[in-house]
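Visitor: Handing over target.csv, CSV, C-alpha atoms and all ligand atoms.
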chain,number,residue,atom,x,y,z
A,14,MET,CA,173.9,44.8,63.0
A,15,THR,CA,171.5,45.4,65.8
A,16,ASP,CA,170.0,48.5,67.4
A,17,ALA,CA,172.7,48.2,70.0
A,18,THR,CA,175.3,48.8,67.4
A,19,LYS,CA,178.0,51.2,68.5
A,20,TYR,CA,178.3,53.8,65.8
A,21,MET,CA,181.6,55.5,65.2
A,22,LYS,CA,182.4,59.2,64.8
A,23,PHE,CA,182.3,59.8,61.0
A,24,GLU,CA,185.9,61.1,60.9
A,25,ASP,CA,187.1,58.1,62.9
A,26,ALA,CA,185.4,55.7,60.5
A,27,MET,CA,186.9,57.5,57.5
A,28,ALA,CA,190.3,57.5,59.0
A,29,GLU,CA,190.1,53.7,59.6
A,30,LEU,CA,189.0,53.1,56.0
A,31,GLU,CA,191.8,55.4,54.7
A,32,GLN,CA,194.4,53.5,56.7
A,33,GLY,CA,193.0,50.1,55.9
A,34,LEU,CA,192.8,49.0,59.6
A,35,PRO,CA,191.4,45.6,60.3
A,36,PRO,CA,187.7,45.9,61.2
A,37,ALA,CA,186.5,45.7,64.8
A,38,GLU,CA,184.3,42.7,65.7
A,39,GLY,CA,180.7,43.2,64.7
A,40,ALA,CA,181.5,46.0,62.3
A,41,GLY,CA,179.0,46.9,59.6
A,42,PHE,CA,179.4,47.5,55.8
A,43,LEU,CA,183.0,47.9,54.7
A,44,GLY,CA,184.2,47.2,58.3
A,45,VAL,CA,183.0,50.4,60.0
A,46,ASN,CA,179.7,51.5,61.6
A,47,VAL,CA,178.7,54.9,60.1
A,48,HIS,CA,175.7,56.4,61.8
A,49,PRO,CA,172.8,56.6,59.3
A,50,ASN,CA,172.5,60.3,60.1
A,51,ASP,CA,176.1,60.7,58.8
A,52,ALA,CA,175.6,58.5,55.8
A,53,LYS,CA,174.5,59.7,52.3
A,54,LEU,CA,173.7,56.2,51.2
A,55,VAL,CA,171.8,53.7,53.4
A,56,LEU,CA,171.4,50.0,52.7
A,57,ILE,CA,168.3,48.1,53.8
A,58,PRO,CA,169.1,44.5,54.7
A,59,VAL,CA,166.2,42.0,54.0
A,60,SER,CA,166.8,38.4,55.1
A,61,TRP,CA,163.8,37.0,53.3
A,62,GLU,CA,163.5,33.9,51.2
A,63,ALA,CA,160.1,32.4,52.0
A,64,THR,CA,159.1,31.6,48.4
A,65,THR,CA,162.5,30.2,47.3
A,66,SER,CA,161.6,27.3,45.0
A,67,TYR,CA,165.0,25.5,44.6
A,68,GLY,CA,168.1,26.1,46.6
A,69,GLY,CA,167.8,28.0,49.9
A,70,GLY,CA,170.1,30.3,51.8
A,71,THR,CA,169.5,33.7,50.3
A,72,SER,CA,168.0,35.0,53.6
A,73,LYS,CA,171.6,34.8,54.9
A,74,GLY,CA,172.7,37.1,52.0
A,75,PRO,CA,172.7,40.4,53.9
A,76,ASP,CA,174.8,39.0,56.8
A,77,VAL,CA,177.4,37.2,54.7
A,78,VAL,CA,177.7,40.0,52.2
A,79,ILE,CA,178.2,42.6,54.9
A,80,ALA,CA,180.8,40.4,56.6
A,81,ALA,CA,182.6,39.8,53.4
A,82,SER,CA,182.7,43.5,52.7
A,83,HIS,CA,185.3,43.8,55.5
A,84,GLN,CA,187.8,42.3,53.0
A,85,LEU,CA,187.4,45.0,50.4
A,86,ASP,CA,190.1,47.4,49.5
A,87,MET,CA,188.6,50.9,49.5
A,88,GLU,CA,190.2,52.3,46.4
A,89,ASP,CA,187.8,51.2,43.6
A,90,ALA,CA,189.5,51.3,40.2
A,91,ALA,CA,186.4,52.8,38.6
A,92,PHE,CA,184.6,54.8,41.3
A,93,GLY,CA,187.5,55.9,43.5
A,94,LYS,CA,186.8,56.5,47.2
A,95,ALA,CA,183.0,56.0,47.1
A,96,PHE,CA,183.0,55.2,50.8
A,97,ARG,CA,183.8,58.8,51.7
A,98,VAL,CA,180.2,60.0,51.2
A,99,GLY,CA,179.2,57.7,54.1
A,100,ILE,CA,177.6,54.3,53.3
A,101,THR,CA,175.9,52.3,56.0
A,102,ALA,CA,173.9,49.2,56.4
A,103,LEU,CA,170.8,49.8,58.5
A,104,ALA,CA,169.7,47.6,61.4
A,105,GLU,CA,167.2,45.1,60.0
A,106,ASP,CA,163.5,45.2,61.0
A,107,ALA,CA,163.6,42.4,63.6
A,108,THR,CA,160.2,41.1,62.4
A,109,ILE,CA,161.6,40.0,59.0
A,110,PRO,CA,163.7,37.0,60.2
A,111,LYS,CA,160.7,35.8,62.2
A,112,LEU,CA,158.3,36.2,59.3
A,113,ASN,CA,160.9,34.4,57.1
A,114,LYS,CA,161.1,31.4,59.4
A,115,ARG,CA,157.3,30.9,59.7
A,116,ALA,CA,156.5,31.8,56.1
A,117,LYS,CA,159.2,29.4,54.8
A,118,GLU,CA,157.7,26.5,56.7
A,119,ALA,CA,154.2,27.3,55.3
A,120,ALA,CA,155.6,27.8,51.8
A,121,GLN,CA,157.2,24.3,52.0
A,122,LYS,CA,153.7,22.9,52.6
A,123,VAL,CA,152.4,24.8,49.6
A,124,ILE,CA,155.2,23.6,47.3
A,125,LEU,CA,154.6,20.0,48.4
A,126,ALA,CA,150.9,20.3,47.8
A,127,CYS,CA,151.7,21.8,44.4
A,128,GLU,CA,153.9,18.8,43.6
A,129,GLN,CA,151.1,16.4,44.7
A,130,ARG,CA,148.5,18.3,42.7
A,131,THR,CA,146.6,19.2,45.8
A,132,GLU,CA,146.1,22.6,47.6
A,133,ALA,CA,147.2,24.2,50.8
A,134,ALA,CA,145.0,27.2,50.7
A,135,SER,CA,145.5,28.5,54.2
A,136,ASP,CA,149.2,28.1,54.1
A,137,LEU,CA,149.3,30.0,50.8
A,138,ARG,CA,147.3,32.8,52.2
A,139,TYR,CA,149.6,33.0,55.2
A,140,VAL,CA,152.7,33.2,52.9
A,141,ASN,CA,151.2,35.9,50.8
A,142,ASP,CA,150.2,37.8,53.9
A,143,CYS,CA,153.8,37.6,55.3
A,144,SER,CA,155.2,38.7,52.0
A,145,LEU,CA,153.0,41.7,52.1
A,146,GLN,CA,154.2,42.6,55.6
A,147,VAL,CA,157.8,42.4,54.4
A,148,ASN,CA,157.0,44.6,51.4
A,149,GLU,CA,155.4,47.1,53.7
A,150,SER,CA,158.3,47.1,56.1
A,151,VAL,CA,160.8,47.8,53.3
A,152,TYR,CA,158.4,50.4,51.8
A,153,THR,CA,158.0,52.3,55.1
A,154,SER,CA,161.7,52.2,55.8
A,155,ALA,CA,162.7,53.4,52.3
A,156,LYS,CA,160.1,56.2,52.4
A,157,GLN,CA,161.4,57.4,55.7
A,158,TRP,CA,165.0,57.5,54.6
A,159,LEU,CA,164.2,59.0,51.2
A,160,ALA,CA,162.3,61.8,53.0
A,161,LYS,CA,165.4,62.5,55.0
A,162,GLY,CA,167.3,63.1,51.8
A,163,LYS,CA,169.2,59.8,51.8
A,164,LEU,CA,169.9,57.6,48.9
A,165,VAL,CA,168.7,54.0,49.4
A,166,GLY,CA,169.9,50.6,48.3
A,167,LEU,CA,168.9,47.2,49.4
A,168,VAL,CA,170.6,43.9,50.1
A,169,GLY,CA,168.4,40.8,49.8
A,170,GLY,CA,167.2,38.2,50.4
A,171,ASP,CA,165.5,36.6,47.5
A,172,HIS,CA,164.5,38.7,44.5
A,173,SER,CA,161.1,39.6,46.0
A,174,SER,CA,162.9,41.6,48.7
A,175,PRO,CA,163.1,45.0,46.8
A,176,GLN,CA,159.4,45.5,45.8
A,177,GLY,CA,158.8,47.9,48.7
A,178,LEU,CA,161.9,50.0,47.7
A,179,ILE,CA,160.8,50.1,44.1
A,180,GLN,CA,157.3,51.2,45.2
A,181,ALA,CA,158.8,53.9,47.5
A,182,LEU,CA,161.0,55.2,44.6
A,183,ALA,CA,158.0,55.1,42.2
A,184,GLU,CA,156.2,57.5,44.6
A,185,THR,CA,159.3,59.7,45.1
A,186,VAL,CA,161.3,60.1,41.9
A,187,PRO,CA,159.8,62.9,39.8
A,188,GLY,CA,159.2,61.7,36.2
A,189,GLY,CA,159.5,58.0,37.2
A,190,PHE,CA,162.4,55.8,36.2
A,191,GLY,CA,163.5,52.8,34.1
A,192,ILE,CA,164.9,49.6,35.6
A,193,LEU,CA,168.2,48.0,34.5
A,194,HIS,CA,167.7,44.3,35.5
A,195,PHE,CA,170.5,41.8,35.5
A,196,ASP,CA,169.2,38.2,35.9
A,197,ALA,CA,169.1,34.7,34.4
A,198,HIS,CA,165.3,34.9,34.6
A,199,HIS,CA,162.7,37.4,33.5
A,200,ASP,CA,160.9,37.2,36.9
A,201,PHE,CA,157.6,37.8,35.1
A,202,ARG,CA,155.7,34.9,36.5
A,203,ASN,CA,152.1,35.7,37.6
A,204,ALA,CA,151.9,34.3,41.2
A,205,TYR,CA,154.5,31.6,40.8
A,206,GLU,CA,153.3,28.4,42.6
A,207,GLY,CA,150.5,30.6,43.9
A,208,PHE,CA,152.8,33.0,45.7
A,209,LYS,CA,151.7,36.4,44.7
A,210,TYR,CA,155.0,38.0,45.8
A,211,SER,CA,157.4,35.2,44.6
A,212,HIS,CA,161.0,36.0,43.8
A,213,ALA,CA,160.0,34.8,40.3
A,214,SER,CA,157.1,37.4,40.1
A,215,ILE,CA,158.9,40.6,41.2
A,216,PHE,CA,158.9,42.3,37.8
A,217,TYR,CA,155.4,41.0,36.9
A,218,ASN,CA,154.3,42.8,40.0
A,219,VAL,CA,156.4,45.9,39.4
A,220,MET,CA,155.3,46.3,35.8
A,221,THR,CA,151.6,45.8,36.5
A,222,SER,CA,151.5,47.9,39.7
A,223,TYR,CA,153.7,50.9,39.1
A,224,PRO,CA,153.2,53.0,35.9
A,225,GLN,CA,156.0,55.3,37.1
A,226,VAL,CA,158.3,52.5,36.0
A,227,THR,CA,158.5,53.6,32.4
A,228,LYS,CA,160.8,51.0,31.1
A,229,ILE,CA,162.5,47.7,32.0
A,230,THR,CA,165.7,46.6,30.3
A,231,GLN,CA,166.7,43.1,31.2
A,232,VAL,CA,170.2,41.7,30.7
A,233,GLY,CA,171.5,38.1,30.7
A,234,ILE,CA,168.2,36.3,30.7
A,235,ARG,CA,168.5,32.7,29.6
A,236,ASP,CA,165.8,30.6,31.4
A,237,TYR,CA,162.1,31.4,31.0
A,238,SER,CA,158.6,30.2,30.3
A,239,ARG,CA,156.6,31.0,27.2
A,240,ASP,CA,154.2,33.1,29.3
A,241,GLU,CA,157.1,35.2,30.5
A,242,ARG,CA,158.5,35.7,27.0
A,243,GLU,CA,155.1,36.8,25.9
A,244,PHE,CA,154.7,39.2,28.9
A,245,MET,CA,158.0,40.8,27.8
A,246,GLN,CA,156.7,41.1,24.2
A,247,ASN,CA,153.4,42.6,25.4
A,248,LEU,CA,155.2,45.3,27.3
A,249,GLY,CA,156.0,46.8,23.8
A,250,PRO,CA,158.3,49.8,24.1
A,251,ARG,CA,158.1,49.6,27.9
A,252,GLY,CA,160.2,46.4,27.9
A,253,GLU,CA,163.4,45.2,26.3
A,254,CYS,CA,165.5,42.1,26.8
A,255,PHE,CA,169.1,41.5,26.0
A,256,TYR,CA,169.0,37.7,26.3
A,257,GLY,CA,172.2,35.8,27.3
A,258,ARG,CA,172.2,34.0,24.0
A,259,ASP,CA,172.0,37.2,22.0
A,260,LEU,CA,174.7,38.9,24.0
A,261,PHE,CA,177.0,36.0,23.3
A,262,ARG,CA,176.2,35.8,19.6
A,263,ARG,CA,176.8,39.5,19.1
A,264,LYS,CA,180.3,39.1,20.7
A,265,ALA,CA,180.9,35.9,18.8
A,266,GLU,CA,180.1,37.6,15.5
A,267,GLY,CA,182.6,40.4,16.1
A,268,GLU,CA,180.7,43.2,17.8
A,269,THR,CA,182.7,44.8,20.7
A,270,PHE,CA,181.4,44.6,24.2
A,271,LYS,CA,181.8,48.4,24.3
A,272,SER,CA,179.2,48.6,21.5
A,273,VAL,CA,176.9,46.0,23.2
A,274,SER,CA,177.0,47.8,26.6
A,275,ALA,CA,176.5,51.2,25.0
A,276,ASP,CA,173.4,49.8,23.3
A,277,ILE,CA,172.0,48.5,26.6
A,278,VAL,CA,172.6,51.8,28.4
A,279,ALA,CA,171.2,53.8,25.4
A,280,ARG,CA,167.8,52.1,25.9
A,281,LEU,CA,167.4,53.5,29.4
A,282,PRO,CA,165.6,56.7,30.4
A,283,GLN,CA,167.2,59.5,32.4
A,284,ASN,CA,166.5,58.0,35.9
A,285,VAL,CA,167.5,54.4,36.4
A,286,TYR,CA,167.0,51.8,39.2
A,287,VAL,CA,169.4,48.9,39.0
A,288,SER,CA,168.2,45.5,40.1
A,289,PHE,CA,171.0,42.9,40.3
A,290,ASP,CA,170.1,39.3,40.7
A,291,ILE,CA,173.5,37.6,41.3
A,292,ASP,CA,172.4,34.7,39.0
A,293,GLY,CA,172.7,37.1,36.1
A,294,LEU,CA,176.4,36.3,36.4
A,295,ASP,CA,178.0,33.1,35.3
A,296,PRO,CA,177.4,30.6,38.1
A,297,SER,CA,181.1,30.2,38.7
A,298,TYR,CA,180.7,33.6,40.5
A,299,CYS,CA,177.6,32.5,42.5
A,300,PRO,CA,177.6,28.7,42.8
A,301,SER,CA,175.3,28.7,45.8
A,302,THR,CA,172.6,31.0,44.5
A,303,GLY,CA,169.0,29.6,44.5
A,304,THR,CA,168.5,29.0,40.8
A,305,PRO,CA,171.9,29.0,39.0
A,306,VAL,CA,171.8,28.8,35.2
A,307,PRO,CA,174.8,28.1,32.8
A,308,GLY,CA,176.0,31.0,30.8
A,309,GLY,CA,175.6,34.6,32.0
A,310,LEU,CA,177.8,37.7,32.3
A,311,SER,CA,181.3,37.7,33.6
A,312,TYR,CA,181.9,39.9,36.6
A,313,GLU,CA,184.0,42.3,34.5
A,314,GLU,CA,181.2,42.6,31.9
A,315,ALA,CA,178.7,43.5,34.6
A,316,CYS,CA,181.0,46.1,36.0
A,317,TYR,CA,181.7,47.4,32.5
A,318,ILE,CA,178.0,48.0,32.0
A,319,LEU,CA,177.7,49.7,35.4
A,320,GLU,CA,180.6,52.0,34.6
A,321,ALA,CA,179.0,52.8,31.2
A,322,LEU,CA,175.8,53.6,32.9
A,323,ALA,CA,177.5,55.8,35.6
A,324,SER,CA,179.3,57.9,32.9
A,325,SER,CA,176.3,58.1,30.5
A,326,GLY,CA,174.8,61.2,32.2
A,327,ARG,CA,171.9,59.1,33.6
A,328,ARG,CA,171.0,59.2,37.2
A,329,VAL,CA,170.9,56.0,39.2
A,330,VAL,CA,168.2,56.5,41.8
A,331,GLY,CA,168.5,53.2,43.8
A,332,PHE,CA,169.5,49.6,43.5
A,333,ASP,CA,169.2,46.1,45.0
A,334,LEU,CA,171.6,43.2,45.1
A,335,SER,CA,169.5,40.0,45.5
A,336,GLU,CA,169.8,36.2,45.6
A,337,VAL,CA,173.4,36.0,47.1
A,338,ALA,CA,173.5,32.8,49.2
A,339,PRO,CA,176.4,31.3,51.2
A,340,ALA,CA,177.7,27.8,50.5
A,341,GLU,CA,176.4,25.2,52.9
A,342,ASP,CA,180.0,24.2,53.7
A,343,GLY,CA,180.9,27.8,54.8
A,344,ASN,CA,182.9,28.6,51.6
A,345,GLU,CA,182.8,32.5,51.4
A,346,TRP,CA,183.2,32.8,47.6
A,347,ASP,CA,179.6,33.8,46.8
A,348,ALA,CA,179.7,36.4,49.6
A,349,ASN,CA,183.0,37.8,48.4
A,350,VAL,CA,181.7,38.3,44.9
A,351,GLY,CA,178.5,39.8,46.3
A,352,ALA,CA,180.3,42.3,48.5
A,353,ARG,CA,182.4,43.5,45.6
A,354,LEU,CA,179.4,43.8,43.4
A,355,LEU,CA,177.5,45.7,46.2
A,356,TYR,CA,180.3,48.2,46.5
A,357,LYS,CA,180.3,48.6,42.7
A,358,LEU,CA,176.6,49.3,42.8
A,359,CYS,CA,177.1,51.9,45.5
A,360,GLY,CA,179.9,53.5,43.4
A,361,CYS,CA,177.7,53.4,40.2
A,362,LEU,CA,174.9,55.2,42.0
A,363,LEU,CA,177.2,57.8,43.6
A,364,ARG,CA,179.2,58.5,40.5
A,365,SER,CA,176.1,58.9,38.4
A,366,GLN,CA,175.0,61.6,40.9
A,367,LYS,CA,178.5,63.1,40.9
A,368,LEU,CA,179.0,62.3,44.6
A,369,CYS,CA,182.2,60.3,44.1
B,401,MN,MN,165.6,37.3,39.8
Represent the structure of the file as structure tokens.
Guide:
Amino acid sequence: MTDATKYMKFEDAMAELEQGLPPAEGAGFLGVNVHPNDAKLVLIPVSWEATTSYGGGTSKGPDVVIAASHQLDMEDAAFGKAFRVGITALAEDATIPKLNKRAKEAAQKVILACEQRTEAASDLRYVNDCSLQVNESVYTSAKQWLAKGKLVGLVGGDHSSPQGLIQALAETVPGGFGILHFDAHHDFRNAYEGFKYSHASIFYNVMTSYPQVTKITQVGIRDYSRDEREFMQNLGPRGECFYGRDLFRRKAEGETFKSVSADIVARLPQNVYVSFDIDGLDPSYCPSTGTPVPGGLSYEEACYILEALASSGRRVVGFDLSEVAPAEDGNEWDANVGARLLYKLCGCLLRSQKLC
């Protein structure tokens, strides 16, 4: 979407969705273009992947997920007609793709130097500076929409993308909130490869910067360093991890998934932010994501937990979907899964606030 996007009358957009008409060319999320002023929930797209360490492509995540959302059927089995509150993807800050291109080139030099056991100090400073600009852009946008009474979600981009949104919510949500974090990784690295705002460092940064985040509950983690595991342990009651191995063992030894997911939800405080790294799922759902790891949740398990959260009486205050990348050969599977999960996240938030 661009600033030149032709917005539709809200009633016309709803009528199109109700009738299931094929979307017009260039349509936005779900196949319509709802004006942000008419929307209750706005989505910030962030096409950013400068510090991607392994497979690339997550900067295309917002575009391919929004395009794939045109295929969705609007009647969600769990959350009904969530679209009726008005959901729209905002136009992206045009500086982000430019910063992404330049910072990614510099980051490649840093990674190469790292592999050769040398340094590329000025390139590293440049990448960290660009990352900060992206965080500030997301933060400013989120603050602005929250001030207008909108609910805000985010579509990444790599997993560093949502830091500005989490900061904005930390300053906005009375009493703070906990984070329900789906991922294959803790993302607790302290400046991974020197990148202060690495995708692998997002929750190190969040937990050391925002005391308003009173808790992090991680689900599906199965690849980590010793330092990260220790960081989790050192969080004490402020952190909790449902490792992938433990989730499987509990099921293998006879516990129902209903009981496991109720346990996950029970650890969360009243206000909850959901951060969903697509690699928390089994890689068969996201084969093109940057750092796939065997194991992980099924799509149905993830949705089950989101439904349990939405009906628990807790309030979901925001979310991100990160690390969705398209296949290099143009296969749309990753984006199809991402679009469905994104609409589930919208429904989870809206249902938790009794808006759908
Ligand atoms: Mn992650």
Visitor: Kindly provide, as an MDAnalysis selection string, all nucleotide and amino acid residues lying within 9 Å of ligand MN 401 (chain B), counting all atoms listed in the file.
Guide: chainID A and resid 171:173 194:200 212:216 288:293 304 335:336
Visitor: Write out as a list in words each polymer residue whose atoms come within 12 Å of Ile124 (chain A), counting all atoms listed in the file; drop sequence neighbours fewer than 5 positions from it.
Guide: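 Listing them by chain and then by number gives Ala63, Thr64, Thr65, Ser66, Tyr67, Lys117, Glu118, Ala119, Gln129, Arg130, Thr131, Glu132, Ala133, Ala134, Asp136, Leu137, Val140, Tyr205, Glu206, Gly207 and Phe208 of chain A.
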Visitor: Can you work out which one of A:Gly188, A:Gly68, A:Gly257, A:Gly360 has the shortest atom-to-atom distance to Lys228 (chain A), counting all atoms listed in the file?
Guide: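 Among the listed residues, A:Gly188 lies closest to Lys228 (chain A).
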Visitor: Which distance in Å separates CA of Gln176 (chain A) and CA of Ser301 (chain A), to one decimal?
Guide: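 Spanning CA of Gln176 (chain A) to CA of Ser301 (chain A) is a straight-line distance of 23.1 Å.
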Visitor: So which residues touch Gly326 (chain A) within 9 Å, counting all atoms listed in the file, skipping near sequence neighbours fewer than 5 positions away, as a ChimeraX atom specification?
Guide: /A:283,365-366
Visitor: For a test of reading the model, state the distance in Å between CA of Gly33 (chain A) and CA of Gly351 (chain A), rounded to one decimal.
Guide: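 Going from CA of Gly33 (chain A) over to CA of Gly351 (chain A) covers 20.2 Å.
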Visitor: Work out how far apart CA of Met245 (chain A) and CA of Cys143 (chain A) are and give it in Å to one decimal.
Guide: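 One can read the CA of Met245 (chain A) to CA of Cys143 (chain A) distance as 28.0 Å.
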Visitor: In terms of the shortest atom-to-atom distance over all atoms listed in the file, which of A:Gly93, A:Gly166, A:Gly177, A:Pro75 is closest to Thr153 (chain A)?
Guide: A:Gly177
Visitor: If you count all atoms listed in the file, which residues fall within 10 Å of Met220 (chain A), apart from same-chain ones fewer than 2 positions away, as a VMD selection string?
Guide: chain A and resid 201 215 to 218 222 to 229 244 248 251 to 252
Visitor: So which residues fall inside 12 Å of (150.2, 44.2, 49.4) if we count only C-alpha atoms? Mind giving them as a PyMOL selection string?
Guide: chain A and resi 140-152+176-177+180+209-210+218-219+222
Visitor: Skip Leu159 (chain A) itself and residues of its chain fewer than 2 positions away, then list as an mmCIF file with C-alpha atoms, in the frame of the given file all residues within 10 Å of it, counting only C-alpha atoms.
Guide:
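Generated file (result.cif):
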data_model
loop_
_atom_site.group_PDB
_atom_site.id
_atom_site.type_symbol
_atom_site.label_atom_id
_atom_site.label_comp_id
_atom_site.auth_asym_id
_atom_site.auth_seq_id
_atom_site.Cartn_x
_atom_site.Cartn_y
_atom_site.Cartn_z
ATOM 1 C CA LEU A 54 173.700 56.200 51.200
ATOM 2 C CA VAL A 55 171.800 53.700 53.400
ATOM 3 C CA THR A 153 158.000 52.300 55.100
ATOM 4 C CA SER A 154 161.700 52.200 55.800
ATOM 5 C CA ALA A 155 162.700 53.400 52.300
ATOM 6 C CA LYS A 156 160.100 56.200 52.400
ATOM 7 C CA GLN A 157 161.400 57.400 55.700
ATOM 8 C CA LYS A 161 165.400 62.500 55.000
ATOM 9 C CA GLY A 162 167.300 63.100 51.800
ATOM 10 C CA LYS A 163 169.200 59.800 51.800
ATOM 11 C CA LEU A 164 169.900 57.600 48.900
ATOM 12 C CA VAL A 165 168.700 54.000 49.400
ATOM 13 C CA LEU A 178 161.900 50.000 47.700
ATOM 14 C CA ALA A 181 158.800 53.900 47.500
ATOM 15 C CA LEU A 182 161.000 55.200 44.600
ATOM 16 C CA THR A 185 159.300 59.700 45.100
ATOM 17 C CA VAL A 186 161.300 60.100 41.900
#
Visitor: So which residues touch Arg258 (chain A) within 8 Å, counting only C-alpha atoms, skipping near sequence neighbours fewer than 4 positions away, as a PyMOL selection string?
Guide: chain A and resi 233+235+262
Visitor: For a quick check of understanding, using only C-alpha atoms, which of A:Lys19, A:Lys357, A:Arg263, A:Lys94 has the smallest distance to Leu322 (chain A)?
Guide: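 Among the listed residues, A:Lys357 lies closest to Leu322 (chain A).
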Visitor: Using all atoms listed in the file, can you list as number ranges by chain the residues within 7 Å of (173.5, 46.5, 58.1)?
Guide: A: 14, 41-42, 56-58, 79, 101-105
